[in-house]
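Asker: Right, I'll just put the structure down here and ask away after.
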Amino acid sequence: MNSPSFDLTRFDVSEVGSISALFAAKGFTSGLYVLHFTNDEAYAGRSMDVAARFLDDRREWSDIEFLEFASWPADDAEHALAELQQLLTRTTTLRARTAQTADAVTGPSPFPSDRSERITITDGATTAHRSRFWELSDHIAYQDIRSIVADYINASISDPANTARYLWNVTALPSTAKAKGRRRLLTLNCGSLETLFVTEYTNDDDDSIELVMTVNTDIPAGYSDTQLEFANDVVTAARGEYKSHDVWSWQIDIGALLSGDAEVDFGVADDVFDDLAYSLNTRLMNQKGSPYARYHNNDLANDLVAEAYRQLLDAE
């Protein structure tokens, strides 16, 4: 028996929670499909309704990047799937499901005739990354945080629009160091190190919040631990506590920084601070691809880069 030929249509689904509308518009329903993940693994499956099955896939895996689909008759799908899986194993590692999933039941039409039944943004399926960005963007201080981080990107990351995700990346509302009264709002990584992150502290007594931004930079040649220690009402600095990276860690009170009442003094000239941040970021990005690429929040990164672009235009 001749091996089947697979004519697969490819879709970028990295920021998509549902493909129901897309498949309905193209007339796609049953067949074979391949999921490609950010770590280059793949999963091949078959379903009578691939769009409905994708909702289960998205719930199980947050790092789906591409989906490939081929319409296929149900009576030959099992044999064809085995052939497709064998073909994929020649070039990639196949990922297994953590649990068995029954063939999904067809959901409601993505295009109801009655406008009142339309799927709204809050009703529709979405990725965890996108919903976290939406939640972050609703934070009372988000616009100020975006402005500060965009300025940092302009000053310390080379070609940010074309190096995002794989060399530098950003996460929204990560679970890192989360505890009662404390949560990360965002983390920006260059290569294998977090080089900027914003932490929110909440006071249970009056629900007030304090925002602290941590920035890691290179250490000037010849500086002792004593020389690295610096503190005032807005900024504190000391040698970082990372096992694998020797850095100068700065903590900046964002509220005080934005109030305009406190004088901002880093203990070094602004250009020196930017040079140290750029030196560290460039060295980290040159080492290898970032291990945190799978956690990259594309919506947040695009918003930050767009703000960085606006800042450059305003400065002209």
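Lettering and numbering for the structure tokens are positional, with chains as A, B, ... in the shown order, residues counted from 1 in each chain, and ligands counted from 1 in the shown order.
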Please identify all polymer residues within 10 Å of A:Val16, counting only C-alpha atoms, omitting same-chain residues fewer than 4 positions from it, and present them as a list in words.
Answerer: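 Surrounding residues, per the criterion: Asp12, Arg58, Ile64, Glu65, Phe66, Ala125, Thr126, Thr127, Ala128, His129 and Arg130 of chain A.
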Asker: How would the residues just picked look written out with N, CA, C and O atoms as a JSON list (two decimals), in the first residue's frame?
Answerer:
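again-v3.json, written as the output of this step:
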[["chain", "number", "residue", "atom", "x", "y", "z"],
["A", 12, "ASP", "N", -0.91, 30.03, 12.25],
["A", 12, "ASP", "CA", -0.24, 30.53, 13.45],
["A", 12, "ASP", "C", -1.32, 30.69, 14.52],
["A", 12, "ASP", "O", -2.21, 31.54, 14.41],
["A", 58, "ARG", "N", -5.83, 23.34, 23.79],
["A", 58, "ARG", "CA", -5.38, 24.62, 24.35],
["A", 58, "ARG", "C", -5.46, 24.60, 25.87],
["A", 58, "ARG", "O", -4.61, 25.18, 26.56],
["A", 64, "ILE", "N", 1.29, 26.06, 22.43],
["A", 64, "ILE", "CA", 1.04, 25.72, 21.02],
["A", 64, "ILE", "C", 1.36, 26.93, 20.16],
["A", 64, "ILE", "O", 0.89, 28.04, 20.42],
["A", 65, "GLU", "N", 2.15, 26.73, 19.12],
["A", 65, "GLU", "CA", 2.55, 27.84, 18.26],
["A", 65, "GLU", "C", 1.89, 27.77, 16.88],
["A", 65, "GLU", "O", 1.41, 28.78, 16.37],
["A", 66, "PHE", "N", 1.87, 26.60, 16.28],
["A", 66, "PHE", "CA", 1.26, 26.43, 14.96],
["A", 66, "PHE", "C", 0.35, 25.21, 14.94],
["A", 66, "PHE", "O", 0.57, 24.25, 15.69],
["A", 125, "ALA", "N", -13.19, 31.90, 23.93],
["A", 125, "ALA", "CA", -11.98, 31.26, 24.44],
["A", 125, "ALA", "C", -10.76, 32.11, 24.10],
["A", 125, "ALA", "O", -10.70, 32.75, 23.06],
["A", 126, "THR", "N", -9.80, 32.11, 25.00],
["A", 126, "THR", "CA", -8.56, 32.83, 24.74],
["A", 126, "THR", "C", -7.41, 32.13, 25.44],
["A", 126, "THR", "O", -7.63, 31.24, 26.27],
["A", 127, "THR", "N", -6.21, 32.50, 25.10],
["A", 127, "THR", "CA", -5.04, 31.87, 25.73],
["A", 127, "THR", "C", -4.80, 32.48, 27.11],
["A", 127, "THR", "O", -5.21, 33.61, 27.39],
["A", 128, "ALA", "N", -4.12, 31.73, 27.96],
["A", 128, "ALA", "CA", -3.78, 32.23, 29.28],
["A", 128, "ALA", "C", -2.88, 33.46, 29.18],
["A", 128, "ALA", "O", -3.00, 34.42, 29.94],
["A", 129, "HIS", "N", -1.95, 33.45, 28.20],
["A", 129, "HIS", "CA", -1.06, 34.59, 28.02],
["A", 129, "HIS", "C", -1.84, 35.85, 27.70],
["A", 129, "HIS", "O", -1.57, 36.93, 28.25],
["A", 130, "ARG", "N", -2.82, 35.72, 26.80],
["A", 130, "ARG", "CA", -3.59, 36.90, 26.40],
["A", 130, "ARG", "C", -4.46, 37.40, 27.54],
["A", 130, "ARG", "O", -4.55, 38.61, 27.78]]
Asker: Show which residues sit within 12 Å of A:Ala256, as a PyMOL selection string. Count only C-alpha atoms, and ignore same-chain residues fewer than 2 positions away.
Answerer: chain A and resi 210-213+232-235+251-254+258-265
Asker: Quick one: residues within 10 Å of A:His296, only C-alpha atoms, excluding same-chain residues fewer than 2 positions away - as a VMD selection string?
Answerer: chain A and resid 63 129 164 to 166 168 to 172 187 to 189 292 to 294 298 to 301
Asker: Could you pull out the residues in stretch 40-173 of chain A that DSSP calls strand (DSSP E) from the backbone, as a list in words?
Answerer: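 Secondary structure check on stretch 40-173 of chain A, strand (DSSP E): Ala42, Tyr43, Ala44, Gly45, Arg46, Ser47, Ile64, Glu65, Phe66, Leu67, Glu68, Phe69, Ala70, Ser71, Trp168, Asn169, Val170, Thr171 and Ala172 of chain A.
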Asker: Looking at only C-alpha atoms, which of A:Tyr142, A:Phe266, A:Tyr43, A:Phe273 is the one that sits closest to A:Ala96?
Answerer: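 That would be A:Tyr43, the residue with the smallest distance to A:Ala96.
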